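Shown here: upload-v4.tsv, TSV, C-alpha atoms.
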chain	number	residue	atom	x	y	z
A	14	MET	CA	0.00	0.00	0.00
A	15	ARG	CA	2.87	2.38	0.69
A	16	ARG	CA	4.33	1.66	-2.73
A	17	THR	CA	1.01	2.53	-4.34
A	18	GLY	CA	1.03	5.95	-2.67
A	19	ALA	CA	-1.05	5.32	0.47
A	20	THR	CA	-0.10	7.27	3.58
A	21	ARG	CA	1.25	5.42	6.58
A	22	GLY	CA	-1.93	6.17	8.56
A	23	GLU	CA	-4.17	4.85	5.78
A	24	ALA	CA	-2.07	1.70	5.44
A	25	ALA	CA	-2.12	1.13	9.21
A	26	VAL	CA	-5.92	1.38	9.33
A	27	ALA	CA	-6.34	-0.93	6.35
A	28	VAL	CA	-3.98	-3.57	7.78
A	29	GLY	CA	-5.33	-3.15	11.30
A	30	VAL	CA	-2.10	-2.27	13.17
A	31	HIS	CA	-1.16	0.57	15.48
A	32	PRO	CA	0.39	3.63	13.74
A	33	ARG	CA	3.61	3.20	15.76
A	34	THR	CA	3.89	-0.39	14.55
A	35	ALA	CA	3.38	0.83	11.00
A	36	LYS	CA	6.14	3.39	11.52
A	37	ASP	CA	8.53	0.65	12.69
A	38	TRP	CA	7.68	-1.47	9.66
A	39	ASP	CA	8.30	1.54	7.43
A	40	ARG	CA	11.78	1.89	8.93
A	41	GLY	CA	12.55	-1.81	8.57
A	42	ILE	CA	12.34	-2.55	12.29
A	43	ARG	CA	11.09	-5.99	13.23
A	44	GLY	CA	9.70	-6.81	16.65
A	45	SER	CA	9.49	-9.92	18.74
A	46	ARG	CA	7.95	-10.52	22.13
A	47	ASN	CA	10.84	-9.05	24.14
A	48	ALA	CA	13.10	-7.38	21.56
A	49	ARG	CA	13.33	-4.99	18.61
A	50	ILE	CA	15.54	-5.88	15.62
A	51	TYR	CA	16.88	-2.95	13.58
A	52	PRO	CA	18.02	-3.03	9.93
A	53	ASP	CA	21.63	-2.18	10.92
A	54	GLY	CA	21.92	-5.31	13.06
A	55	ARG	CA	21.05	-3.89	16.47
A	56	VAL	CA	18.94	-6.05	18.77
A	57	VAL	CA	17.43	-4.35	21.81
A	58	ASP	CA	16.46	-6.87	24.48
A	59	TYR	CA	13.81	-5.41	26.82
A	60	THR	CA	14.22	-8.11	29.47
A	61	SER	CA	17.94	-7.47	30.05
A	62	GLY	CA	18.16	-3.85	28.97
A	63	VAL	CA	21.11	-4.75	26.72
A	64	THR	CA	21.68	-3.79	23.10
A	65	THR	CA	23.74	-6.16	20.93
A	66	MET	CA	25.31	-5.14	17.64
A	67	THR	CA	26.42	-7.73	15.06
A	68	THR	CA	29.12	-6.46	12.71
A	69	PRO	CA	31.58	-8.11	10.32
A	70	ALA	CA	34.84	-8.98	12.08
A	71	ALA	CA	37.81	-7.05	10.68
A	72	GLY	CA	39.62	-9.00	7.98
A	73	SER	CA	37.57	-12.14	8.44
A	74	GLY	CA	35.03	-11.88	5.60
A	75	PRO	CA	31.70	-13.45	6.44
A	76	VAL	CA	32.58	-14.28	10.05
A	77	GLN	CA	30.41	-12.30	12.46
A	78	GLN	CA	31.25	-10.93	15.90
A	79	THR	CA	28.75	-9.71	18.48
A	80	VAL	CA	29.54	-6.60	20.51
A	81	VAL	CA	27.41	-6.09	23.62
A	82	MET	CA	26.57	-2.45	24.34
A	83	THR	CA	24.72	-1.48	27.51
A	84	LYS	CA	23.26	2.04	27.39
A	85	VAL	CA	25.21	3.04	24.30
A	86	ASP	CA	24.15	6.67	24.65
A	87	THR	CA	25.63	6.95	28.17
A	88	PRO	CA	28.95	8.89	28.19
A	89	ILE	CA	31.77	6.53	29.17
A	90	SER	CA	34.56	9.03	29.64
A	91	ALA	CA	35.48	12.57	28.66
A	92	ARG	CA	38.14	10.90	26.52
A	93	TYR	CA	35.51	9.68	24.04
A	94	LEU	CA	33.04	11.71	21.99
A	95	SER	CA	29.56	11.52	23.47
A	96	LEU	CA	26.34	11.14	21.50
A	97	GLU	CA	25.45	14.74	22.33
A	98	GLU	CA	28.77	15.94	20.86
A	99	ARG	CA	28.22	13.88	17.73
A	100	GLU	CA	24.76	15.42	17.31
A	101	LYS	CA	26.20	18.91	17.70
A	102	LEU	CA	28.90	18.04	15.14
A	103	ARG	CA	26.24	17.02	12.63
A	104	ASP	CA	24.03	20.09	13.30
A	105	MET	CA	26.84	22.67	13.10
A	106	SER	CA	28.31	20.98	10.04
A	107	ALA	CA	24.92	21.08	8.32
A	108	ALA	CA	24.74	24.81	9.15
A	109	GLY	CA	28.03	25.35	7.30
A	110	ALA	CA	30.46	25.63	10.23
A	111	SER	CA	34.02	24.48	9.68
A	112	LEU	CA	35.57	21.63	11.66
A	113	ARG	CA	37.84	24.09	13.47
A	114	THR	CA	34.84	26.18	14.54
A	115	ILE	CA	33.00	23.07	15.73
A	116	ALA	CA	36.11	21.81	17.55
A	117	ALA	CA	36.42	25.12	19.42
A	118	ALA	CA	32.73	24.93	20.43
A	119	LEU	CA	33.11	21.36	21.69
A	120	GLY	CA	36.51	21.85	23.32
A	121	ARG	CA	38.03	19.16	21.08
A	122	ALA	CA	41.01	19.05	18.76
A	123	PRO	CA	40.14	19.62	15.07
A	124	SER	CA	42.00	16.40	14.21
A	125	THR	CA	39.64	14.48	16.53
A	126	LEU	CA	36.60	15.65	14.58
A	127	SER	CA	38.35	15.12	11.25
A	128	ARG	CA	39.01	11.48	12.12
A	129	GLU	CA	35.50	11.10	13.47
A	130	VAL	CA	33.90	12.26	10.21
A	131	ALA	CA	36.29	10.20	8.06
A	132	ARG	CA	35.74	6.99	10.01
A	133	ASN	CA	32.00	7.15	10.59
A	134	SER	CA	30.51	8.84	7.53
A	135	ASP	CA	28.17	6.91	5.25
A	136	PRO	CA	28.79	7.38	1.49
A	137	GLU	CA	25.04	7.62	0.95
A	138	GLY	CA	23.71	9.41	4.01
A	139	GLY	CA	26.78	11.35	5.09
A	140	TYR	CA	27.59	11.72	8.77
A	141	ARG	CA	24.81	10.40	11.01
A	142	PRO	CA	25.47	10.77	14.78
A	143	TYR	CA	23.55	7.72	16.02
A	144	ARG	CA	25.08	5.44	13.43
A	145	ALA	CA	28.53	6.90	14.19
A	146	HIS	CA	28.04	6.38	17.91
A	147	ARG	CA	27.08	2.73	17.47
A	148	ALA	CA	30.01	2.12	15.11
A	149	ALA	CA	32.44	3.66	17.61
A	150	ALA	CA	31.02	1.51	20.42
A	151	ALA	CA	31.36	-1.60	18.26
A	152	ARG	CA	35.04	-0.84	17.56
A	153	ARG	CA	35.96	-0.04	21.16
A	154	PRO	CA	36.47	-3.59	22.55
A	155	ARG	CA	39.84	-5.07	21.71
A	156	PRO	CA	39.65	-8.55	23.26
A	157	LYS	CA	42.81	-10.59	23.60
A	158	GLY	CA	43.51	-13.92	25.20
A	159	ARG	CA	44.49	-13.94	28.85
A	160	LYS	CA	47.89	-15.41	29.54
A	161	LEU	CA	46.70	-17.16	32.70
A	162	LEU	CA	43.88	-18.93	30.86
A	163	THR	CA	45.51	-20.13	27.64
A	164	GLY	CA	48.22	-22.48	28.88
A	165	HIS	CA	50.85	-19.78	28.51
A	166	ALA	CA	54.22	-20.37	30.23
A	167	VAL	CA	53.59	-17.46	32.56
A	168	GLY	CA	50.41	-19.18	33.79
A	169	ARG	CA	52.35	-22.31	34.72
A	170	TYR	CA	54.98	-20.19	36.47
A	171	VAL	CA	52.30	-18.36	38.49
A	172	GLN	CA	50.62	-21.61	39.50
A	173	GLU	CA	53.89	-23.15	40.68
A	174	LYS	CA	54.76	-20.14	42.81
A	175	LEU	CA	51.30	-19.88	44.31
A	176	LEU	CA	51.60	-23.49	45.43
A	177	LEU	CA	54.81	-22.41	47.20
A	178	ARG	CA	52.66	-19.76	48.96
A	179	TRP	CA	54.22	-16.81	47.20
A	180	SER	CA	52.09	-13.68	47.14
A	181	PRO	CA	50.89	-12.37	43.73
A	182	GLU	CA	53.10	-9.30	44.09
A	183	GLN	CA	56.16	-11.44	44.83
A	184	ILE	CA	55.41	-13.47	41.71
A	185	SER	CA	54.92	-10.39	39.54
A	186	LYS	CA	58.21	-8.79	40.59
A	187	THR	CA	60.24	-12.00	40.42
A	188	LEU	CA	59.12	-12.61	36.84
A	189	ILE	CA	60.97	-9.44	35.85
A	190	LYS	CA	64.17	-10.66	37.53
A	191	ASP	CA	63.95	-14.22	36.21
A	192	PHE	CA	63.03	-13.23	32.63
A	193	PRO	CA	64.51	-9.76	32.12
A	194	ARG	CA	64.43	-9.93	28.30
A	195	ASP	CA	61.18	-11.81	27.76
A	196	GLN	CA	58.30	-9.33	27.67
A	197	GLU	CA	55.82	-12.18	27.32
A	198	MET	CA	56.71	-13.35	30.82
A	199	ARG	CA	55.01	-10.42	32.48
A	200	VAL	CA	51.85	-10.28	34.55
A	201	THR	CA	50.66	-7.79	37.18
A	202	HIS	CA	49.66	-8.89	40.65
A	203	GLU	CA	46.16	-7.53	40.01
A	204	THR	CA	45.77	-9.92	37.05
A	205	ILE	CA	46.70	-12.83	39.31
A	206	TYR	CA	44.18	-11.73	41.94
A	207	GLN	CA	41.45	-11.44	39.32
A	208	ALA	CA	42.20	-14.91	37.97
A	209	LEU	CA	41.87	-16.27	41.50
A	210	TYR	CA	38.84	-14.31	42.65
A	211	LEU	CA	36.56	-13.50	39.75
A	212	GLN	CA	33.97	-16.02	38.63
A	213	GLY	CA	34.28	-17.41	35.12
A	214	ARG	CA	38.03	-17.01	34.83
A	215	GLY	CA	38.99	-20.46	36.17
A	216	GLY	CA	42.39	-20.50	34.47
A	217	LEU	CA	44.07	-21.27	37.78
A	218	ARG	CA	42.81	-24.24	39.73
A	219	ARG	CA	40.41	-23.19	42.45
A	220	GLU	CA	42.54	-25.00	45.04
A	221	VAL	CA	45.31	-22.49	44.39
A	222	ALA	CA	43.22	-19.80	46.12
A	223	THR	CA	44.04	-21.52	49.42
A	224	ALA	CA	47.66	-20.50	48.89
A	225	LEU	CA	46.71	-16.85	49.54
A	226	ARG	CA	47.57	-15.73	53.02
A	227	THR	CA	44.06	-14.43	53.65
A	228	GLY	CA	42.61	-17.89	52.96
A	229	ARG	CA	39.72	-16.25	51.10
A	230	ALA	CA	38.49	-17.60	47.80
A	231	ARG	CA	36.57	-14.38	47.13
A	232	ARG	CA	37.75	-10.81	47.08
A	233	LYS	CA	36.72	-8.70	50.05
A	234	GLU	CA	35.09	-5.46	49.04
A	235	ARG	CA	36.69	-2.35	50.50
A	236	ARG	CA	34.39	0.58	50.97
A	237	SER	CA	35.63	4.07	50.29
A	238	GLY	CA	34.61	6.96	52.51
A	239	GLU	CA	31.85	7.90	50.08
A	240	ARG	CA	30.37	4.38	50.13
A	241	ARG	CA	30.29	3.83	53.88
A	242	ARG	CA	26.99	2.86	55.41
A	243	PRO	CA	25.24	5.65	57.32
A	244	ARG	CA	26.72	5.84	60.80
A	245	PHE	CA	23.55	6.95	62.57
A	246	VAL	CA	19.80	6.62	62.11
A	247	ASP	CA	19.45	10.40	61.85
A	248	PRO	CA	21.33	11.67	58.78
A	249	MET	CA	24.59	13.51	59.41
A	250	VAL	CA	25.41	16.98	58.08
A	251	MET	CA	29.02	16.76	56.94
A	252	ILE	CA	31.72	19.35	57.54
A	253	SER	CA	31.79	20.17	53.83
A	254	GLU	CA	28.38	21.79	54.28
A	255	ARG	CA	29.55	24.00	57.13
A	256	PRO	CA	29.04	27.74	56.33
A	257	PRO	CA	32.11	29.82	55.39
A	258	GLU	CA	31.89	32.04	58.49
A	259	ILE	CA	32.52	28.97	60.63
A	260	GLU	CA	35.42	27.83	58.49
A	261	ASP	CA	37.35	31.12	58.65
A	262	ARG	CA	36.80	31.53	62.45
A	263	ALA	CA	35.47	35.06	61.86
A	264	VAL	CA	32.47	34.70	64.17
A	265	PRO	CA	32.70	33.28	67.73
A	266	GLY	CA	30.24	30.71	69.02
A	267	HIS	CA	31.26	27.70	66.96
A	268	TRP	CA	32.69	24.75	68.87
A	269	GLU	CA	34.68	21.59	68.28
A	270	GLY	CA	34.12	18.57	70.52
A	271	ASP	CA	35.46	15.13	71.34
A	272	LEU	CA	35.96	12.64	74.17
A	273	ILE	CA	39.14	11.81	76.02
A	274	THR	CA	38.88	8.37	77.61
A	275	GLY	CA	40.46	6.79	80.66
A	276	ALA	CA	41.74	3.34	81.47
A	277	HIS	CA	40.21	0.60	79.28
A	278	ASN	CA	37.81	3.20	77.81
A	279	LYS	CA	35.58	2.84	80.87
A	280	SER	CA	35.55	6.55	81.81
A	281	ALA	CA	35.55	9.71	79.75
A	282	ILE	CA	35.44	13.50	79.74
A	283	ALA	CA	33.84	15.49	76.92
A	284	THR	CA	35.96	18.41	75.71
A	285	LEU	CA	34.65	21.52	73.97
A	286	VAL	CA	36.83	24.19	72.32
A	287	GLU	CA	35.54	27.43	70.81
A	288	ARG	CA	37.12	27.84	67.36
A	289	THR	CA	37.76	31.60	67.43
A	290	THR	CA	38.95	32.13	71.03
A	291	ARG	CA	40.16	28.57	71.85
A	292	TYR	CA	38.10	28.79	75.04
A	293	VAL	CA	37.78	25.36	76.70
A	294	MET	CA	34.87	23.76	78.54
A	295	LEU	CA	34.97	20.28	80.07
A	296	VAL	CA	31.93	18.05	80.56
A	297	ARG	CA	32.00	15.47	83.33
A	298	LEU	CA	30.53	12.06	82.47
A	299	PRO	CA	30.40	10.29	85.84
A	300	GLY	CA	28.49	7.16	84.84
A	301	ASP	CA	29.30	6.17	81.28
A	302	HIS	CA	29.89	7.83	77.93
A	303	SER	CA	26.93	6.40	76.01
A	304	ALA	CA	25.16	8.55	73.44
A	305	GLU	CA	22.45	9.51	75.94
A	306	ALA	CA	24.94	10.42	78.68
A	307	VAL	CA	27.02	12.54	76.31
A	308	ARG	CA	23.93	14.28	74.97
A	309	ASP	CA	22.65	15.14	78.45
A	310	GLY	CA	26.06	16.42	79.54
A	311	LEU	CA	26.45	18.59	76.45
A	312	VAL	CA	22.92	19.98	76.75
A	313	ALA	CA	23.52	20.96	80.40
A	314	THR	CA	26.92	22.55	79.70
A	315	MET	CA	26.14	24.39	76.47
A	316	GLY	CA	22.79	25.47	77.84
A	317	THR	CA	24.72	27.85	80.13
A	318	LEU	CA	26.06	29.78	77.14
A	319	PRO	CA	24.42	32.99	75.90
A	320	GLU	CA	22.48	32.74	72.67
A	321	HIS	CA	25.15	34.33	70.46
A	322	LEU	CA	27.72	31.72	71.52
A	323	ARG	CA	25.55	28.74	70.60
A	324	GLY	CA	26.28	28.56	66.89
A	325	SER	CA	27.43	25.09	65.94
A	326	LEU	CA	29.30	22.01	67.12
A	327	THR	CA	31.74	19.97	65.01
A	328	TRP	CA	32.39	16.38	66.12
A	329	ASP	CA	33.86	13.21	64.69
A	330	GLN	CA	31.71	10.20	63.79
A	331	GLY	CA	32.01	8.51	67.16
A	332	ALA	CA	29.07	6.48	68.44
A	333	GLU	CA	28.66	8.90	71.35
A	334	MET	CA	26.96	11.36	68.97
A	335	ALA	CA	24.23	8.98	67.81
A	336	THR	CA	21.61	11.23	69.45
A	337	HIS	CA	22.87	14.39	67.75
A	338	ARG	CA	19.42	15.28	66.46
A	339	SER	CA	17.84	15.41	69.91
A	340	PHE	CA	20.83	17.48	71.10
A	341	SER	CA	20.22	19.99	68.31
A	342	ILE	CA	16.51	20.17	69.13
A	343	ALA	CA	17.24	20.78	72.82
A	344	THR	CA	19.91	23.47	72.30
A	345	GLY	CA	19.29	24.92	68.85
A	346	ILE	CA	22.92	24.12	67.95
A	347	ASP	CA	23.69	22.64	64.55
A	348	VAL	CA	26.02	19.61	64.58
A	349	TYR	CA	28.52	18.99	61.75
A	350	PHE	CA	30.49	15.77	61.36
A	351	CYS	CA	34.08	15.34	60.19
A	352	ASP	CA	35.03	12.92	57.46
A	353	PRO	CA	36.20	9.46	58.60
A	354	ALA	CA	39.79	9.33	59.89
A	355	SER	CA	40.25	13.10	59.49
A	356	PRO	CA	41.21	14.47	62.94
A	357	TRP	CA	42.81	17.56	61.38
A	358	GLN	CA	39.30	18.82	60.59
A	359	ARG	CA	38.99	19.49	64.35
A	360	GLY	CA	42.52	20.79	64.77
A	361	SER	CA	41.85	23.09	67.74
A	362	ASN	CA	40.12	20.32	69.67
A	363	GLU	CA	42.82	17.75	68.93
A	364	ASN	CA	45.50	20.19	70.12
A	365	THR	CA	43.57	20.89	73.31
A	366	ASN	CA	43.12	17.19	74.00
A	367	GLY	CA	46.89	16.86	73.88
A	368	LEU	CA	47.24	19.65	76.44
A	369	LEU	CA	44.64	18.01	78.67
A	370	ARG	CA	46.74	14.86	78.89
A	371	GLN	CA	49.11	16.87	81.10
A	372	TYR	CA	46.30	16.81	83.68
A	373	PHE	CA	44.59	13.54	82.77
A	374	PRO	CA	47.31	11.05	81.71
A	375	LYS	CA	46.34	8.10	79.57
A	376	GLY	CA	45.50	4.97	81.51
A	377	THR	CA	44.03	6.79	84.52
A	378	ASP	CA	40.48	6.56	85.83
A	379	LEU	CA	38.78	9.80	84.79
A	380	SER	CA	35.68	9.14	86.89
A	381	VAL	CA	37.57	10.19	90.06
A	382	TYR	CA	37.70	13.82	88.93
A	383	GLY	CA	34.79	15.92	90.15
A	384	PRO	CA	33.24	19.09	88.69
A	385	GLU	CA	35.64	21.31	90.70
A	386	ASP	CA	38.65	19.48	89.27
A	387	LEU	CA	37.43	19.93	85.70
A	388	GLU	CA	36.66	23.60	86.30
A	389	HIS	CA	40.13	24.16	87.71
A	390	VAL	CA	41.80	22.54	84.68
A	391	ALA	CA	39.63	24.50	82.24
A	392	GLN	CA	40.51	27.79	84.01
A	393	GLU	CA	44.21	27.03	83.83
A	394	LEU	CA	44.04	26.31	80.09
A	395	ASN	CA	41.91	29.40	79.45
A	396	GLY	CA	44.47	31.48	81.37
A	397	ARG	CA	47.42	30.39	79.21
A	398	PRO	CA	48.65	32.89	76.59
A	399	ARG	CA	48.37	31.52	73.05
A	400	LYS	CA	50.61	32.29	70.09
A	401	THR	CA	47.64	32.05	67.70
A	402	LEU	CA	45.87	34.77	69.77
A	403	GLY	CA	48.84	37.13	69.65
A	404	TRP	CA	49.86	35.91	73.12
A	405	ASP	CA	46.51	36.88	74.61
A	406	THR	CA	44.60	34.33	76.70
A	407	PRO	CA	41.29	32.72	75.75
A	408	CYS	CA	39.72	34.29	78.86
A	409	VAL	CA	40.56	37.80	77.65
A	410	ILE	CA	39.34	37.16	74.10
A	411	TYR	CA	36.24	35.32	75.29

How does the structure come out when it is put into structure tokens?
Amino acid sequence: MRRTGATRGEAAVAVGVHPRTAKDWDRGIRGSRNARIYPDGRVVDYTSGVTTMTTPAAGSGPVQQTVVMTKVDTPISARYLSLEEREKLRDMSAAGASLRTIAAALGRAPSTLSREVARNSDPEGGYRPYRAHRAAAARRPRPKGRKLLTGHAVGRYVQEKLLLRWSPEQISKTLIKDFPRDQEMRVTHETIYQALYLQGRGGLRREVATALRTGRARRKERRSGERRRPRFVDPMVMISERPPEIEDRAVPGHWEGDLITGAHNKSAIATLVERTTRYVMLVRLPGDHSAEAVRDGLVATMGTLPEHLRGSLTWDQGAEMATHRSFSIATGIDVYFCDPASPWQRGSNENTNGLLRQYFPKGTDLSVYGPEDLEHVAQELNGRPRKTLGWDTPCVIY
């Protein structure tokens, strides 16, 4: 019907199919229950969300290779042209812009765009961005056989040394010494670990994994700071979100806090240092230093401060601050948390804790010190002249 001049809508009604189905047929797209098959060889599988592209293998004539592409339009790296850049290349080129002008607009080298157009242009349709993007994705994989899986001599060497309980790094470095001129006898320790740990690589016998000193047959995931599980039920506000006036110590009323603990971590004292004046307050924790005890002690101590000196509190991610939300509600003080293993983000407090060890040595029972003792120590520290204050004392500045 289309060949006889009928419109797509008329043909769809006559055949009894949906207009979108008729549009697909017009474009040569075939559909199955869970996939769409395109004329250029793409197959989009709806169940797995994966697109496969079948293209002729280079230099192999009729032999076909299948390249799996997941989310082809997703940028992989700034190193590669994205689909959006390819579309802009086509649009600006159609408007008459030169490759140098387009390269300047995209922040790319003119030679990059020149190669892109030369490699991915169609003699009939010219440069088409989607076709070019798929072709580039199909060319990207460069598979090669793995030495540890193909019976290569280096694989046998690695297996022998693992059975002698050598570590992968020892094996990797010794290969260089034993075969200084043979570049084929090279393998990184990471490659050895992957051959041992990852499923589907079974080039080394599974029993060899027992030669590793950890005794694990699977790799243990290591979480970075960004991937750590939330420390508390109530979400933390991190130090990176702290306002600039707190960071530059321009406005007083912002505090840093921590615990110093006694013998066997059974007793503790909470320490508070004001960031601008370095003024010190000590909080006695006579019973324990659980989250509730620390919260109650901080609420009672900081509740004595005037309103303008109750700005914020910066603490580490210790379990004693699990009730930070209820502390903020009771005092109106915002709590900010340092990054993991970053004590320098509370530098004033860490320095003060070192000074406090002159009065409360490590390994002593801190529960024996009463409120008068803590007040006396705080007064002595606040009466010391400080270089950072121009040799004034925190008491004078405060």

Interatomic distance (Å, one decimal) between CA of His146 (chain A) and CA of Arg33 (chain A)
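If I compute the distance from CA of His146 (chain A) to CA of Arg33 (chain A), I get 24.7 Å.
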
Distance of CA of Pro193 (chain A) from CA of Lys174 (chain A), expressed in Å to one decimal place:
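Taking CA of Lys174 (chain A) as the start and CA of Pro193 (chain A) as the end point, the length is 17.8 Å.
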
Separation of CA of Leu96 (chain A) from CA of Pro154 (chain A), in Å and rounded to one decimal
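Taking CA of Leu96 (chain A) and CA of Pro154 (chain A), their separation equals 17.9 Å.
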
Pick from A:His165, A:Arg153, A:Arg323, A:Arg144, whichever lies nearest to Arg55 (chain A) using only C-alpha atoms:
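Distance minimum relative to Arg55 (chain A) lands on A:Arg144.
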
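If all atoms listed in the file are the atoms counted, then among A:Ala276, A:Gln330, A:Glu129, A:Arg397 the closest residue to Ser355 (chain A) is A:Gln330.
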
I want to know what sits within 12 Å of Thr125 (chain A), based on only C-alpha atoms, with residues of the same chain fewer than 3 positions away left out; could you give that as a list of chain:residue names?
A:Arg92, A:Tyr93, A:Leu94, A:Glu98, A:Arg99, A:Leu102, A:Leu112, A:Arg113, A:Ile115, A:Ala116, A:Ala117, A:Leu119, A:Gly120, A:Arg121, A:Ala122, A:Arg128, A:Glu129, A:Val130, A:Ala131, A:Arg132

From the list A:Lys190, A:Arg232, A:Arg199, A:Arg308, which residue is nearest Lys160 (chain A) when using all atoms listed in the file?
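Answer, going by the shortest atom-to-atom distance: A:Arg199.
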